[in-house]
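See below for entry35.tsv, which holds TSV, N, CA and C atoms.
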```tsv
chain	number	residue	atom	x	y	z
A	27	MET	N	-1.99	19.33	-46.64
A	27	MET	CA	-2.06	18.77	-45.31
A	27	MET	C	-2.86	17.47	-45.37
A	28	LYS	N	-2.63	16.61	-44.39
A	28	LYS	CA	-3.32	15.34	-44.28
A	28	LYS	C	-3.85	15.16	-42.86
A	29	GLU	N	-5.04	14.60	-42.75
A	29	GLU	CA	-5.55	14.18	-41.45
A	29	GLU	C	-5.36	12.68	-41.37
A	30	ILE	N	-4.77	12.25	-40.28
A	30	ILE	CA	-4.55	10.83	-40.06
A	30	ILE	C	-5.45	10.42	-38.90
A	31	ILE	N	-6.34	9.49	-39.18
A	31	ILE	CA	-7.25	8.97	-38.17
A	31	ILE	C	-6.83	7.54	-37.88
A	32	ALA	N	-6.57	7.25	-36.62
A	32	ALA	CA	-6.15	5.91	-36.23
A	32	ALA	C	-7.12	5.36	-35.20
A	33	ILE	N	-7.60	4.15	-35.43
A	33	ILE	CA	-8.43	3.44	-34.47
A	33	ILE	C	-7.52	2.40	-33.83
A	34	ILE	N	-7.27	2.53	-32.53
A	34	ILE	CA	-6.27	1.68	-31.87
A	34	ILE	C	-6.81	1.10	-30.57
A	35	ARG	N	-6.05	0.18	-30.01
A	35	ARG	CA	-6.38	-0.40	-28.71
A	35	ARG	C	-6.22	0.67	-27.63
A	36	PRO	N	-7.12	0.68	-26.64
A	36	PRO	CA	-7.02	1.70	-25.58
A	36	PRO	C	-5.67	1.68	-24.85
A	37	LYS	N	-5.10	0.52	-24.64
A	37	LYS	CA	-3.86	0.46	-23.88
A	37	LYS	C	-2.62	0.87	-24.70
A	38	LYS	N	-2.82	1.22	-25.97
A	38	LYS	CA	-1.71	1.66	-26.83
A	38	LYS	C	-1.65	3.17	-27.01
A	39	VAL	N	-2.55	3.91	-26.37
A	39	VAL	CA	-2.59	5.36	-26.55
A	39	VAL	C	-1.29	6.00	-26.05
A	40	GLY	N	-0.79	5.59	-24.90
A	40	GLY	CA	0.43	6.17	-24.35
A	40	GLY	C	1.62	6.00	-25.28
A	41	GLN	N	1.80	4.79	-25.81
A	41	GLN	CA	2.91	4.54	-26.74
A	41	GLN	C	2.76	5.37	-28.01
A	42	THR	N	1.53	5.50	-28.48
A	42	THR	CA	1.28	6.27	-29.70
A	42	THR	C	1.56	7.75	-29.45
A	43	LYS	N	1.13	8.25	-28.29
A	43	LYS	CA	1.39	9.65	-27.93
A	43	LYS	C	2.89	9.92	-27.90
A	44	ASP	N	3.65	9.01	-27.30
A	44	ASP	CA	5.11	9.17	-27.24
A	44	ASP	C	5.72	9.16	-28.63
A	45	ALA	N	5.24	8.29	-29.51
A	45	ALA	CA	5.77	8.20	-30.87
A	45	ALA	C	5.49	9.49	-31.65
A	46	LEU	N	4.28	10.02	-31.51
A	46	LEU	CA	3.94	11.26	-32.21
A	46	LEU	C	4.74	12.44	-31.66
A	47	GLU	N	4.91	12.47	-30.35
A	47	GLU	CA	5.68	13.55	-29.73
A	47	GLU	C	7.14	13.51	-30.18
A	48	THR	N	7.70	12.33	-30.32
A	48	THR	CA	9.08	12.19	-30.79
A	48	THR	C	9.25	12.75	-32.20
A	49	LEU	N	8.20	12.61	-33.02
A	49	LEU	CA	8.24	13.15	-34.39
A	49	LEU	C	7.98	14.66	-34.45
A	50	GLY	N	7.59	15.24	-33.32
A	50	GLY	CA	7.31	16.67	-33.29
A	50	GLY	C	5.85	17.01	-33.46
A	51	PHE	N	4.96	16.04	-33.23
A	51	PHE	CA	3.53	16.27	-33.33
A	51	PHE	C	2.85	15.90	-32.00
A	52	PRO	N	3.01	16.76	-30.98
A	52	PRO	CA	2.43	16.45	-29.68
A	52	PRO	C	0.92	16.70	-29.60
A	53	SER	N	0.36	17.40	-30.58
A	53	SER	CA	-1.06	17.75	-30.54
A	53	SER	C	-1.89	16.77	-31.36
A	54	PHE	N	-2.90	16.20	-30.74
A	54	PHE	CA	-3.83	15.34	-31.45
A	54	PHE	C	-5.11	15.26	-30.63
A	55	MET	N	-6.14	14.71	-31.21
A	55	MET	CA	-7.39	14.47	-30.50
A	55	MET	C	-7.53	12.97	-30.25
A	56	ALA	N	-8.03	12.62	-29.09
A	56	ALA	CA	-8.29	11.22	-28.77
A	56	ALA	C	-9.71	11.11	-28.24
A	57	VAL	N	-10.45	10.16	-28.77
A	57	VAL	CA	-11.85	9.99	-28.41
A	57	VAL	C	-12.09	8.52	-28.10
A	58	ARG	N	-12.83	8.25	-27.03
A	58	ARG	CA	-13.25	6.89	-26.75
A	58	ARG	C	-14.35	6.52	-27.73
A	59	VAL	N	-14.18	5.40	-28.40
A	59	VAL	CA	-15.18	4.95	-29.36
A	59	VAL	C	-15.51	3.49	-29.11
A	60	LEU	N	-16.64	3.07	-29.62
A	60	LEU	CA	-17.04	1.68	-29.61
A	60	LEU	C	-17.22	1.27	-31.06
A	61	GLY	N	-16.78	0.08	-31.39
A	61	GLY	CA	-16.92	-0.37	-32.76
A	61	GLY	C	-16.98	-1.87	-32.84
A	62	ARG	N	-17.01	-2.33	-34.08
A	62	ARG	CA	-17.08	-3.76	-34.30
A	62	ARG	C	-16.41	-4.06	-35.63
A	63	GLY	N	-15.56	-5.06	-35.62
A	63	GLY	CA	-14.90	-5.50	-36.83
A	63	GLY	C	-14.73	-7.00	-36.78
A	64	HIS	N	-13.66	-7.50	-37.36
A	64	HIS	CA	-13.40	-8.93	-37.35
A	64	HIS	C	-13.03	-9.44	-35.97
A	65	GLN	N	-12.61	-8.55	-35.10
A	65	GLN	CA	-12.07	-8.92	-33.79
A	65	GLN	C	-13.10	-9.63	-32.91
A	66	ARG	N	-14.31	-9.16	-32.87
A	66	ARG	CA	-15.41	-9.72	-32.08
A	66	ARG	C	-15.24	-9.60	-30.57
A	67	GLY	N	-14.07	-9.22	-30.08
A	67	GLY	CA	-13.89	-9.02	-28.64
A	67	GLY	C	-12.77	-9.84	-28.07
A	68	ILE	N	-11.98	-9.20	-27.24
A	68	ILE	CA	-10.90	-9.87	-26.53
A	68	ILE	C	-11.00	-9.43	-25.08
A	69	ALA	N	-11.22	-10.37	-24.18
A	69	ALA	CA	-11.42	-10.03	-22.77
A	69	ALA	C	-10.22	-9.31	-22.19
A	70	ALA	N	-9.01	-9.63	-22.63
A	70	ALA	CA	-7.80	-9.03	-22.08
A	70	ALA	C	-7.71	-7.54	-22.40
A	71	GLU	N	-8.46	-7.06	-23.39
A	71	GLU	CA	-8.40	-5.66	-23.77
A	71	GLU	C	-9.17	-4.77	-22.81
A	72	LEU	N	-10.05	-5.35	-22.02
A	72	LEU	CA	-10.94	-4.55	-21.20
A	72	LEU	C	-10.34	-4.26	-19.84
A	73	ASN	N	-10.34	-3.00	-19.48
A	73	ASN	CA	-9.87	-2.57	-18.18
A	73	ASN	C	-11.03	-2.09	-17.32
A	74	CYS	N	-12.25	-2.31	-17.79
A	74	CYS	CA	-13.41	-1.83	-17.06
A	74	CYS	C	-14.57	-2.79	-17.31
A	75	ASP	N	-15.60	-2.66	-16.50
A	75	ASP	CA	-16.81	-3.45	-16.68
A	75	ASP	C	-17.71	-2.74	-17.68
A	76	LEU	N	-18.15	-3.47	-18.69
A	76	LEU	CA	-19.06	-2.90	-19.66
A	76	LEU	C	-20.50	-3.08	-19.18
A	77	PRO	N	-21.36	-2.12	-19.47
A	77	PRO	CA	-22.76	-2.31	-19.14
A	77	PRO	C	-23.32	-3.49	-19.93
A	78	PRO	N	-24.37	-4.14	-19.45
A	78	PRO	CA	-24.92	-5.33	-20.10
A	78	PRO	C	-25.27	-5.12	-21.57
A	79	GLU	N	-25.75	-3.92	-21.94
A	79	GLU	CA	-26.15	-3.71	-23.33
A	79	GLU	C	-24.98	-3.73	-24.30
A	80	LEU	N	-23.74	-3.60	-23.78
A	80	LEU	CA	-22.56	-3.63	-24.64
A	80	LEU	C	-21.88	-4.99	-24.64
A	81	GLN	N	-22.30	-5.88	-23.77
A	81	GLN	CA	-21.69	-7.21	-23.70
A	81	GLN	C	-22.35	-8.13	-24.72
A	82	GLY	N	-21.69	-9.25	-24.99
A	82	GLY	CA	-22.23	-10.24	-25.92
A	82	GLY	C	-23.52	-10.84	-25.40
A	83	GLN	N	-24.25	-11.44	-26.27
A	83	GLN	CA	-25.52	-12.05	-25.90
A	83	GLN	C	-25.36	-13.56	-25.84
A	84	GLY	N	-24.47	-14.02	-24.96
A	84	GLY	CA	-24.28	-15.44	-24.78
A	84	GLY	C	-23.45	-16.10	-25.87
A	85	LYS	N	-22.88	-15.35	-26.77
A	85	LYS	CA	-22.06	-15.92	-27.84
A	85	LYS	C	-20.64	-16.09	-27.34
A	86	SER	N	-20.05	-17.17	-27.65
A	86	SER	CA	-18.71	-17.47	-27.18
A	86	SER	C	-17.70	-16.46	-27.72
A	87	GLY	N	-17.01	-15.76	-26.82
A	87	GLY	CA	-15.95	-14.84	-27.21
A	87	GLY	C	-16.43	-13.58	-27.90
A	88	GLY	N	-17.73	-13.34	-27.96
A	88	GLY	CA	-18.22	-12.19	-28.70
A	88	GLY	C	-18.69	-11.07	-27.80
A	89	MET	N	-18.72	-9.87	-28.37
A	89	MET	CA	-19.24	-8.69	-27.69
A	89	MET	C	-19.99	-7.91	-28.75
A	90	LYS	N	-21.00	-7.16	-28.33
A	90	LYS	CA	-21.71	-6.32	-29.30
A	90	LYS	C	-20.77	-5.25	-29.86
A	91	TYR	N	-20.03	-4.59	-28.95
A	91	TYR	CA	-19.13	-3.51	-29.35
A	91	TYR	C	-17.82	-3.65	-28.59
A	92	ILE	N	-16.77	-3.19	-29.22
A	92	ILE	CA	-15.43	-3.29	-28.63
A	92	ILE	C	-14.90	-1.89	-28.37
A	93	PRO	N	-14.44	-1.60	-27.14
A	93	PRO	CA	-13.90	-0.27	-26.86
A	93	PRO	C	-12.55	-0.06	-27.56
A	94	LYS	N	-12.42	1.06	-28.22
A	94	LYS	CA	-11.19	1.46	-28.91
A	94	LYS	C	-10.96	2.93	-28.65
A	95	ARG	N	-9.86	3.45	-29.15
A	95	ARG	CA	-9.58	4.89	-29.13
A	95	ARG	C	-9.39	5.34	-30.57
A	96	MET	N	-9.98	6.49	-30.88
A	96	MET	CA	-9.81	7.09	-32.20
A	96	MET	C	-8.95	8.33	-32.03
A	97	LEU	N	-7.80	8.31	-32.67
A	97	LEU	CA	-6.88	9.45	-32.64
A	97	LEU	C	-6.94	10.17	-33.97
A	98	SER	N	-6.90	11.48	-33.92
A	98	SER	CA	-6.90	12.29	-35.13
A	98	SER	C	-5.78	13.32	-35.02
A	99	VAL	N	-4.94	13.37	-36.04
A	99	VAL	CA	-3.85	14.34	-36.07
A	99	VAL	C	-3.75	14.90	-37.48
A	100	VAL	N	-3.58	16.22	-37.60
A	100	VAL	CA	-3.41	16.87	-38.90
A	100	VAL	C	-1.96	17.28	-39.02
A	101	VAL	N	-1.33	16.87	-40.12
A	101	VAL	CA	0.10	17.11	-40.32
A	101	VAL	C	0.34	17.62	-41.74
A	102	PRO	N	1.46	18.28	-41.98
A	102	PRO	CA	1.81	18.63	-43.35
A	102	PRO	C	1.93	17.36	-44.21
A	103	SER	N	1.56	17.46	-45.46
A	103	SER	CA	1.56	16.29	-46.35
A	103	SER	C	2.91	15.58	-46.38
A	104	ALA	N	3.98	16.34	-46.31
A	104	ALA	CA	5.32	15.75	-46.38
A	104	ALA	C	5.61	14.84	-45.18
A	105	ASP	N	4.92	15.05	-44.06
A	105	ASP	CA	5.16	14.27	-42.84
A	105	ASP	C	4.20	13.11	-42.65
A	106	ALA	N	3.21	12.98	-43.52
A	106	ALA	CA	2.16	11.99	-43.32
A	106	ALA	C	2.71	10.56	-43.28
A	107	GLU	N	3.59	10.21	-44.18
A	107	GLU	CA	4.13	8.84	-44.22
A	107	GLU	C	4.89	8.52	-42.94
A	108	ALA	N	5.67	9.45	-42.43
A	108	ALA	CA	6.42	9.22	-41.20
A	108	ALA	C	5.49	9.05	-40.00
A	109	VAL	N	4.42	9.83	-39.96
A	109	VAL	CA	3.45	9.72	-38.86
A	109	VAL	C	2.73	8.38	-38.93
A	110	VAL	N	2.31	7.98	-40.11
A	110	VAL	CA	1.65	6.68	-40.26
A	110	VAL	C	2.60	5.55	-39.84
A	111	ALA	N	3.85	5.63	-40.26
A	111	ALA	CA	4.83	4.60	-39.88
A	111	ALA	C	5.02	4.54	-38.37
A	112	ALA	N	5.04	5.69	-37.71
A	112	ALA	CA	5.20	5.73	-36.25
A	112	ALA	C	3.99	5.12	-35.55
A	113	ILE	N	2.80	5.40	-36.07
A	113	ILE	CA	1.58	4.83	-35.48
A	113	ILE	C	1.58	3.32	-35.66
A	114	ILE	N	1.98	2.86	-36.82
A	114	ILE	CA	2.05	1.42	-37.06
A	114	ILE	C	3.04	0.78	-36.10
A	115	LYS	N	4.21	1.37	-35.98
A	115	LYS	CA	5.25	0.80	-35.11
A	115	LYS	C	4.77	0.72	-33.65
A	116	ALA	N	4.04	1.72	-33.19
A	116	ALA	CA	3.57	1.76	-31.81
A	116	ALA	C	2.41	0.80	-31.55
A	117	ASN	N	1.69	0.41	-32.59
A	117	ASN	CA	0.45	-0.34	-32.39
A	117	ASN	C	0.41	-1.74	-32.97
A	118	GLN	N	1.31	-2.07	-33.87
A	118	GLN	CA	1.23	-3.35	-34.55
A	118	GLN	C	1.70	-4.49	-33.65
A	119	THR	N	0.79	-5.44	-33.39
A	119	THR	CA	1.13	-6.62	-32.60
A	119	THR	C	0.97	-7.89	-33.42
A	120	ALA	N	0.48	-7.77	-34.65
A	120	ALA	CA	0.18	-8.89	-35.53
A	120	ALA	C	-0.98	-9.73	-34.99
A	121	GLN	N	-1.75	-9.16	-34.09
A	121	GLN	CA	-2.93	-9.82	-33.54
A	121	GLN	C	-4.17	-9.16	-34.13
A	122	ILE	N	-5.23	-9.92	-34.26
A	122	ILE	CA	-6.48	-9.33	-34.72
A	122	ILE	C	-6.91	-8.25	-33.74
A	123	GLY	N	-7.39	-7.13	-34.24
A	123	GLY	CA	-7.82	-6.03	-33.38
A	123	GLY	C	-6.80	-4.92	-33.22
A	124	ASP	N	-5.70	-4.97	-33.99
A	124	ASP	CA	-4.69	-3.91	-33.90
A	124	ASP	C	-5.25	-2.55	-34.32
A	125	GLY	N	-6.22	-2.53	-35.22
A	125	GLY	CA	-6.86	-1.28	-35.59
A	125	GLY	C	-6.76	-0.95	-37.06
A	126	LYS	N	-7.07	0.29	-37.36
A	126	LYS	CA	-7.05	0.80	-38.74
A	126	LYS	C	-6.50	2.21	-38.74
A	127	ILE	N	-5.96	2.61	-39.89
A	127	ILE	CA	-5.48	3.98	-40.09
A	127	ILE	C	-6.09	4.49	-41.39
A	128	PHE	N	-6.60	5.70	-41.33
A	128	PHE	CA	-7.16	6.36	-42.51
A	128	PHE	C	-6.40	7.66	-42.73
A	129	VAL	N	-6.06	7.96	-43.98
A	129	VAL	CA	-5.36	9.19	-44.32
A	129	VAL	C	-6.27	9.97	-45.27
A	130	LEU	N	-6.60	11.20	-44.86
A	130	LEU	CA	-7.52	12.02	-45.64
A	130	LEU	C	-6.87	13.35	-46.00
A	131	PRO	N	-7.22	13.92	-47.15
A	131	PRO	CA	-6.71	15.26	-47.48
A	131	PRO	C	-7.43	16.33	-46.66
A	132	VAL	N	-6.69	17.38	-46.31
A	132	VAL	CA	-7.26	18.53	-45.61
A	132	VAL	C	-7.00	19.75	-46.49
A	133	ASP	N	-8.06	20.44	-46.88
A	133	ASP	CA	-7.92	21.60	-47.75
A	133	ASP	C	-7.28	22.78	-47.06
A	134	ASP	N	-7.68	23.04	-45.82
A	134	ASP	CA	-7.14	24.19	-45.12
A	134	ASP	C	-7.41	24.04	-43.63
A	135	ALA	N	-6.71	24.83	-42.85
A	135	ALA	CA	-6.92	24.89	-41.40
A	135	ALA	C	-6.75	26.35	-40.99
A	136	LEU	N	-7.41	26.72	-39.89
A	136	LEU	CA	-7.32	28.09	-39.41
A	136	LEU	C	-7.23	28.06	-37.89
A	137	ARG	N	-6.21	28.71	-37.34
A	137	ARG	CA	-6.09	28.85	-35.89
A	137	ARG	C	-6.89	30.09	-35.50
A	138	LEU	N	-7.93	29.90	-34.71
A	138	LEU	CA	-8.84	30.99	-34.36
A	138	LEU	C	-8.15	32.14	-33.64
A	139	ARG	N	-7.24	31.82	-32.73
A	139	ARG	CA	-6.60	32.86	-31.92
A	139	ARG	C	-5.78	33.83	-32.75
A	140	THR	N	-5.04	33.32	-33.75
A	140	THR	CA	-4.09	34.16	-34.48
A	140	THR	C	-4.43	34.37	-35.95
A	141	ASP	N	-5.47	33.71	-36.44
A	141	ASP	CA	-5.85	33.74	-37.86
A	141	ASP	C	-4.80	33.10	-38.78
A	142	GLU	N	-3.86	32.34	-38.23
A	142	GLU	CA	-2.91	31.62	-39.08
A	142	GLU	C	-3.66	30.56	-39.87
A	143	THR	N	-3.22	30.29	-41.09
A	143	THR	CA	-3.88	29.29	-41.92
A	143	THR	C	-2.86	28.29	-42.43
A	144	GLY	N	-3.36	27.21	-43.02
A	144	GLY	CA	-2.50	26.20	-43.60
A	144	GLY	C	-1.64	25.48	-42.57
A	145	ASP	N	-0.44	25.09	-42.98
A	145	ASP	CA	0.47	24.36	-42.10
A	145	ASP	C	0.77	25.11	-40.81
A	146	MET	N	0.84	26.44	-40.87
A	146	MET	CA	1.15	27.22	-39.67
A	146	MET	C	0.06	27.09	-38.62
A	147	ALA	N	-1.15	26.79	-39.03
A	147	ALA	CA	-2.25	26.65	-38.07
A	147	ALA	C	-2.19	25.35	-37.31
A	148	VAL	N	-1.49	24.36	-37.84
A	148	VAL	CA	-1.45	23.05	-37.17
A	148	VAL	C	-0.09	22.74	-36.55
A	149	LEU	N	0.90	23.56	-36.82
A	149	LEU	CA	2.23	23.30	-36.24
A	149	LEU	C	2.44	24.09	-34.98
```

Represent the structure contained in this file as structure tokens.
Amino acid sequence: MKEIIAIIRPKKVGQTKDALETLGFPSFMAVRVLGRGHQRGIAAELNCDLPPELQGQGKSGGMKYIPKRMLSVVVPSADAEAVVAAIIKANQTAQIGDGKIFVLPVDDALRLRTDETGDMAVL
């Protein structure tokens, strides 16, 4: 199994959810995160007012932290490439700040309710 972690733009979550659901993976976790990379901040990305401590300190076009969404989905190893391709297709704009994808191995999973393990626990 593989865990795929994607850091994406907040306004791309809906498209990503639809892409994953089309592939048969409707279950994932989404978390609001703040981060910083090469992007430094894009005003058009913000749909809310940030508190002063998260805004830039008078630097042109800069922000201390940039709001993103972190999605995590665990899939069978055989499906990992297709899931990554779907996430890329839903999120790639060729603009700075599109995000990152990390693919990690998962040794095992267990569904608490039924005691199913492995792929059956995540499907």

Q: Would you work out the distance separating atom CA of Arg58 of chain A from atom CA of Lys126 of chain A, expressed in Å to one decimal?
A: 14.8 Å

Q. Between A:Val148, A:Met27, A:Ala56, A:Leu49, which one has atoms that come closest to Arg95 of chain A, using only N, CA and C atoms?
A.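 Counting only N, CA and C atoms, the residue closest to Arg95 of chain A is A:Ala56.
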
Q.
With distances taken over all atoms listed in the file, which residue among A:Met146, A:Val132, A:Val57, A:Ile113 lies nearest Met96 of chain A?
A. A:Val57

Q) atom CA of Val99 of chain A and atom CA of Phe128 of chain A are how many Å apart? A)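 Atom-to-atom, atom CA of Val99 of chain A and atom CA of Phe128 of chain A are spaced 10.8 Å apart.
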
Q) Quick one: of A:Ile34, A:Asp145, A:Thr119, A:Val110, who's nearest to Pro93 of chain A, counting only C-alpha atoms? A) A:Ile34

Q. With only C-alpha atoms as the atoms that count, which of A:Asp141, A:Ala108, A:Ser103, A:Ala32 lies nearest to Thr48 of chain A?
A.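 Result for the nearest residue to Thr48 of chain A: A:Ala108.
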
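Of the listed residues (A:Ala116, A:Ile92, A:Val109, A:Ile127), A:Ile92 comes nearest to Arg62 of chain A; the distances count only N, CA and C atoms.
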
Q | Local residues around (-4.8, 9.2, -35.4), at most 7 Å away, using all atoms listed in the file, as a PyMOL selection string | A | chain A and resi 29-33+55+96-99
